[in-house]
Every structure is written in C-alpha cells, then in structure tokens.
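Peer 1: Sharing my_file-v7.pdb (PDB, C-alpha atoms) below.
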```pdb
ATOM      1  CA  GLN A   1     152.339  32.189  95.325
ATOM      2  CA  VAL A   2     153.152  28.517  95.667
ATOM      3  CA  GLN A   3     155.948  27.820  98.128
ATOM      4  CA  LEU A   4     157.467  24.575  99.333
ATOM      5  CA  VAL A   5     159.663  24.220 102.393
ATOM      6  CA  GLU A   6     161.656  21.105 103.223
ATOM      7  CA  SER A   7     162.866  20.140 106.664
ATOM      8  CA  GLY A   8     164.366  17.176 108.471
ATOM      9  CA  GLY A   9     167.737  16.790 106.819
ATOM     10  CA  GLY A  10     170.900  16.159 108.753
ATOM     11  CA  LEU A  11     173.869  13.920 109.360
ATOM     12  CA  VAL A  12     173.314  10.231 110.010
ATOM     13  CA  GLN A  13     175.438   7.110 110.038
ATOM     14  CA  ALA A  14     175.036   4.435 107.422
ATOM     15  CA  GLY A  15     172.130   2.174 108.315
ATOM     16  CA  GLY A  16     170.330   4.972 110.105
ATOM     17  CA  SER A  17     167.056   6.708 109.353
ATOM     18  CA  LEU A  18     165.774  10.192 108.666
ATOM     19  CA  THR A  19     162.382  11.654 107.877
ATOM     20  CA  LEU A  20     162.080  14.625 105.563
ATOM     21  CA  SER A  21     158.974  16.782 105.451
ATOM     22  CA  CYS A  22     157.666  19.125 102.789
ATOM     23  CA  ALA A  23     155.177  21.836 103.653
ATOM     24  CA  THR A  24     153.355  23.798 100.996
ATOM     25  CA  SER A  25     151.677  27.192 101.058
ATOM     26  CA  GLY A  26     149.799  29.336  98.601
ATOM     27  CA  ILE A  27     147.740  26.440  97.313
ATOM     28  CA  ILE A  28     145.361  23.809  98.602
ATOM     29  CA  PHE A  29     147.393  20.889  99.858
ATOM     30  CA  SER A  30     147.383  17.777  97.708
ATOM     31  CA  ILE A  31     150.074  15.145  97.313
ATOM     32  CA  ASN A  32     149.144  14.406  93.712
ATOM     33  CA  GLY A  33     151.835  15.841  91.498
ATOM     34  CA  MET A  34     154.298  16.074  94.365
ATOM     35  CA  GLY A  35     157.593  14.321  94.705
ATOM     36  CA  TRP A  36     161.117  14.242  96.036
ATOM     37  CA  TYR A  37     164.293  14.642  94.025
ATOM     38  CA  ARG A  38     167.905  14.724  95.110
ATOM     39  CA  GLN A  39     171.151  16.099  93.814
ATOM     40  CA  ALA A  40     174.538  14.853  94.881
ATOM     41  CA  PRO A  41     177.681  16.945  94.362
ATOM     42  CA  GLY A  42     178.764  16.885  90.744
ATOM     43  CA  LYS A  43     175.688  14.966  89.657
ATOM     44  CA  GLN A  44     172.402  15.786  88.019
ATOM     45  CA  ARG A  45     169.229  16.055  90.012
ATOM     46  CA  GLU A  46     167.466  12.711  90.056
ATOM     47  CA  LEU A  47     164.052  11.441  90.970
ATOM     48  CA  VAL A  48     163.602   9.783  94.338
ATOM     49  CA  VAL A  49     159.845   9.340  94.336
ATOM     50  CA  GLU A  50     156.897  10.948  92.627
ATOM     51  CA  VAL A  51     153.173  10.838  93.300
ATOM     52  CA  THR A  52     151.194  10.562  90.091
ATOM     53  CA  SER A  53     147.869  12.210  89.306
ATOM     54  CA  ASN A  54     146.040   9.071  90.418
ATOM     55  CA  GLY A  55     147.834   9.040  93.764
ATOM     56  CA  SER A  56     150.259   6.200  93.182
ATOM     57  CA  ALA A  57     153.908   6.517  94.160
ATOM     58  CA  ASN A  58     156.766   5.699  91.819
ATOM     59  CA  TYR A  59     160.125   5.127  93.492
ATOM     60  CA  ALA A  60     163.572   5.118  91.985
ATOM     61  CA  ASP A  61     165.046   1.626  91.954
ATOM     62  CA  SER A  62     167.875   2.779  94.189
ATOM     63  CA  VAL A  63     165.510   3.582  97.070
ATOM     64  CA  LYS A  64     162.800   0.944  96.697
ATOM     65  CA  GLY A  65     162.250  -0.945  99.912
ATOM     66  CA  ARG A  66     164.136   1.670 101.943
ATOM     67  CA  PHE A  67     162.249   4.926 101.374
ATOM     68  CA  THR A  68     158.536   5.464 101.927
ATOM     69  CA  ILE A  69     156.433   8.491 101.101
ATOM     70  CA  SER A  70     153.400   9.447 103.169
ATOM     71  CA  ARG A  71     150.985  12.253 103.838
ATOM     72  CA  ASP A  72     150.603  13.833 107.247
ATOM     73  CA  ASN A  73     147.016  15.048 107.276
ATOM     74  CA  PHE A  74     147.459  16.927 110.526
ATOM     75  CA  ARG A  75     150.464  18.965 109.426
ATOM     76  CA  ASN A  76     149.588  18.938 105.712
ATOM     77  CA  THR A  77     153.018  17.743 104.764
ATOM     78  CA  LEU A  78     154.441  15.189 102.383
ATOM     79  CA  ASP A  79     156.923  13.115 104.336
ATOM     80  CA  LEU A  80     159.750  10.926 103.125
ATOM     81  CA  GLN A  81     160.797   8.218 105.550
ATOM     82  CA  MET A  82     164.301   7.064 104.716
ATOM     83  CA  ASN A  83     165.580   3.857 106.292
ATOM     84  CA  ASN A  84     168.805   1.911 105.961
ATOM     85  CA  LEU A  85     170.545   4.979 104.598
ATOM     86  CA  LYS A  86     173.708   4.529 102.571
ATOM     87  CA  PRO A  87     176.590   6.939 101.894
ATOM     88  CA  GLU A  88     175.404   7.145  98.291
ATOM     89  CA  ASP A  89     172.151   8.675  99.546
ATOM     90  CA  THR A  90     174.114  11.799 100.476
ATOM     91  CA  ALA A  91     172.600  14.694  98.559
ATOM     92  CA  VAL A  92     170.464  17.779  98.776
ATOM     93  CA  TYR A  93     166.866  16.632  98.764
ATOM     94  CA  TYR A  94     164.255  18.776  97.062
ATOM     95  CA  CYS A  95     160.505  18.692  97.294
ATOM     96  CA  THR A  96     158.543  19.529  94.176
ATOM     97  CA  ARG A  97     154.973  20.011  93.139
ATOM     98  CA  VAL A  98     153.596  20.471  89.650
ATOM     99  CA  VAL A  99     150.732  22.952  89.440
ATOM    100  CA  ALA A 100     149.045  23.535  86.070
ATOM    101  CA  GLY A 101     152.086  22.077  84.368
ATOM    102  CA  ILE A 102     154.535  24.315  86.231
ATOM    103  CA  PRO A 103     157.009  22.656  88.630
ATOM    104  CA  TYR A 104     157.648  24.396  91.911
ATOM    105  CA  TRP A 105     160.666  23.557  94.050
ATOM    106  CA  GLY A 106     161.696  23.999  97.620
ATOM    107  CA  GLN A 107     165.101  25.260  98.666
ATOM    108  CA  GLY A 108     166.345  21.787  99.508
ATOM    109  CA  THR A 109     167.577  20.088 102.649
ATOM    110  CA  GLN A 110     170.963  18.434 103.040
ATOM    111  CA  VAL A 111     171.194  14.758 103.900
ATOM    112  CA  THR A 112     174.638  13.428 104.704
ATOM    113  CA  VAL A 113     175.246   9.749 105.384
ATOM    114  CA  SER A 114     178.582   8.823 106.895
ATOM    115  CA  SER A 115     180.146   5.418 106.428
TER     116      SER A 115
END
```
What does this structure look like when you write it as structure tokens?

Peer 2:
Amino acid sequence: QVQLVESGGGLVQAGGSLTLSCATSGIIFSINGMGWYRQAPGKQRELVVEVTSNGSANYADSVKGRFTISRDNFRNTLDLQMNNLKPEDTAVYYCTRVVAGIPYWGQGTQVTVSS
C-alpha cells in the first residue's frame, strides 16, 4: 500500500523559511510523478510544484524563485525548501505521487505565515 507522510510544517513570520519533507512507503522511492500541492481555507487545492516523468520540476508562478524542490537520497524524501514566505503561502501542504495513473496523497501539513 502506497503511503505518503509530510512533515516540517509550522508557524513562521513573513520572510522566513521552512522545509517540508515527504516520505513514501509501500513503493520504491522515485521523485518522478511526485509533487506538492496546497490548499488555503476556502480555496481549491492548487499546484505548488510537480516533478514530471522526465525528472524536471514545474513550479507555480506564485512560488518561482522562492520555493525549491529536492531529493534527499539518504532519507528517501522529497523536500520542499520554502524561502521568503508570505502570508498568502498559508495553507495545508500536501505531498502527492502518481503511481500507474493513480494519485496518492499524504495527510497534509499546516504552514502558517504571519505578517
């Protein structure tokens, strides 16, 4: 059974940084087909960054230049480094991975940015 677990969320002041991590189990680790989404209160879930089948990362315009995705080969996690955070980045952040066309989601981790 494929499972994803996010960690690293929290409360930070505007301009600060956080790193989220996504660990997977039940499947061989690969970042292809993985990504991060977020959902703010009262809004639809939106893409933050996705890793395509060829390994390239596509970022939402709103986070380009501030967020960076990376793989931790030691911990087998997909990490999201978030810098220069803004209050509008406040949301629940979800990790996802598509396996054989089926999207799997983690439970989400809350990121709150205070002004």

Peer 1: Any chance you could work out the residue set of the PyMOL selection byres ((chain A and resi 29-46) around 6) here, as a list of chain:residue names?

Peer 2: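 After applying the PyMOL selection byres ((chain A and resi 29-46) around 6), what remains is A:Ile28, A:Leu47, A:Val48, A:Val49, A:Glu50, A:Val51, A:Thr52, A:Ser53, A:Gly55, A:Ala91, A:Val92, A:Tyr93, A:Tyr94, A:Cys95, A:Thr96, A:Arg97, A:Val98.
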
Peer 1: Quick check, in Å to one decimal: how far apart do CA of Val113 (chain A) and CA of Pro87 (chain A) lie?

Peer 2: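 CA of Val113 (chain A) sits 4.7 Å away from CA of Pro87 (chain A).
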
Peer 1: Would you be able to write out as a PyMOL selection string which residues have an atom within 7 Å of (153.7, 22.1, 99.1) in the file's coordinates, counting all atoms listed in the file?

Peer 2: chain A and resi 3-4+22-25+29+97

Peer 1: Carefully work through the PyMOL selection byres ((chain A and resi 18) around 8) for this structure and note down the residues it includes, as a list in words.

Peer 2: Gly8, Gly9, Gly10, Val12, Gly16, Ser17, Thr19, Leu20, Gln81, Met82 and Asn83 of chain A

Peer 1: Can you work out which one of A:Ser114, A:Val2, A:Asp61, A:Phe67 has the shortest atom-to-atom distance to Lys86 (chain A), counting all atoms listed in the file?

Peer 2: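 Looking only at the distances to Lys86 (chain A), the closest residue turns out to be A:Ser114.
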
Peer 1: Tell me, in Å to one decimal, how far CA of Ala57 (chain A) is from CA of Leu78 (chain A).

Peer 2: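 Calculated distance between CA of Ala57 (chain A) and CA of Leu78 (chain A) is 12.0 Å.
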
Peer 1: What gap, in Å, lies between CA of Gly101 (chain A) and CA of Asp89 (chain A)?

Peer 2: 28.5 Å

Peer 1: If you take every atom of region 12-21 of chain A that the file lists and fit an axis-aligned box around them with 6 Å extra on each side, what centre and edge lengths come out in Å to one decimal, as AutoDock Vina command-line options?

Peer 2:
```
--center_x 167.2 --center_y 9.5 --center_z 107.8 --size_x 28.5 --size_y 26.6 --size_z 16.7
```

Peer 1: Taking all atoms listed in the file into account, which of A:Thr112, A:Asn84, A:Ser7, A:Gln107 comes nearest Lys64 (chain A)?

Peer 2: A:Asn84

Peer 1: Between A:Val111, A:Ile102, A:Ala60, A:Val5, which is the closest to Glu88 (chain A) once you count only C-alpha atoms?

Peer 2: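 When distances to Glu88 (chain A) are compared using only C-alpha atoms, the smallest one comes from A:Val111.
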
Peer 1: So, counting only C-alpha atoms, which residue among A:Gln13, A:Thr109, A:Ser115, A:Ser21 is closest to Thr68 (chain A)?

Peer 2: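 Closest to Thr68 (chain A) of all the choices is A:Ser21.
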
Peer 1: Counting all atoms listed in the file, which of A:Glu6, A:Thr77, A:Ala14, A:Gly65 gets nearest to Trp105 (chain A)?

Peer 2: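 Comparing A:Glu6, A:Thr77, A:Ala14, A:Gly65 against Trp105 (chain A), the winner is A:Glu6.
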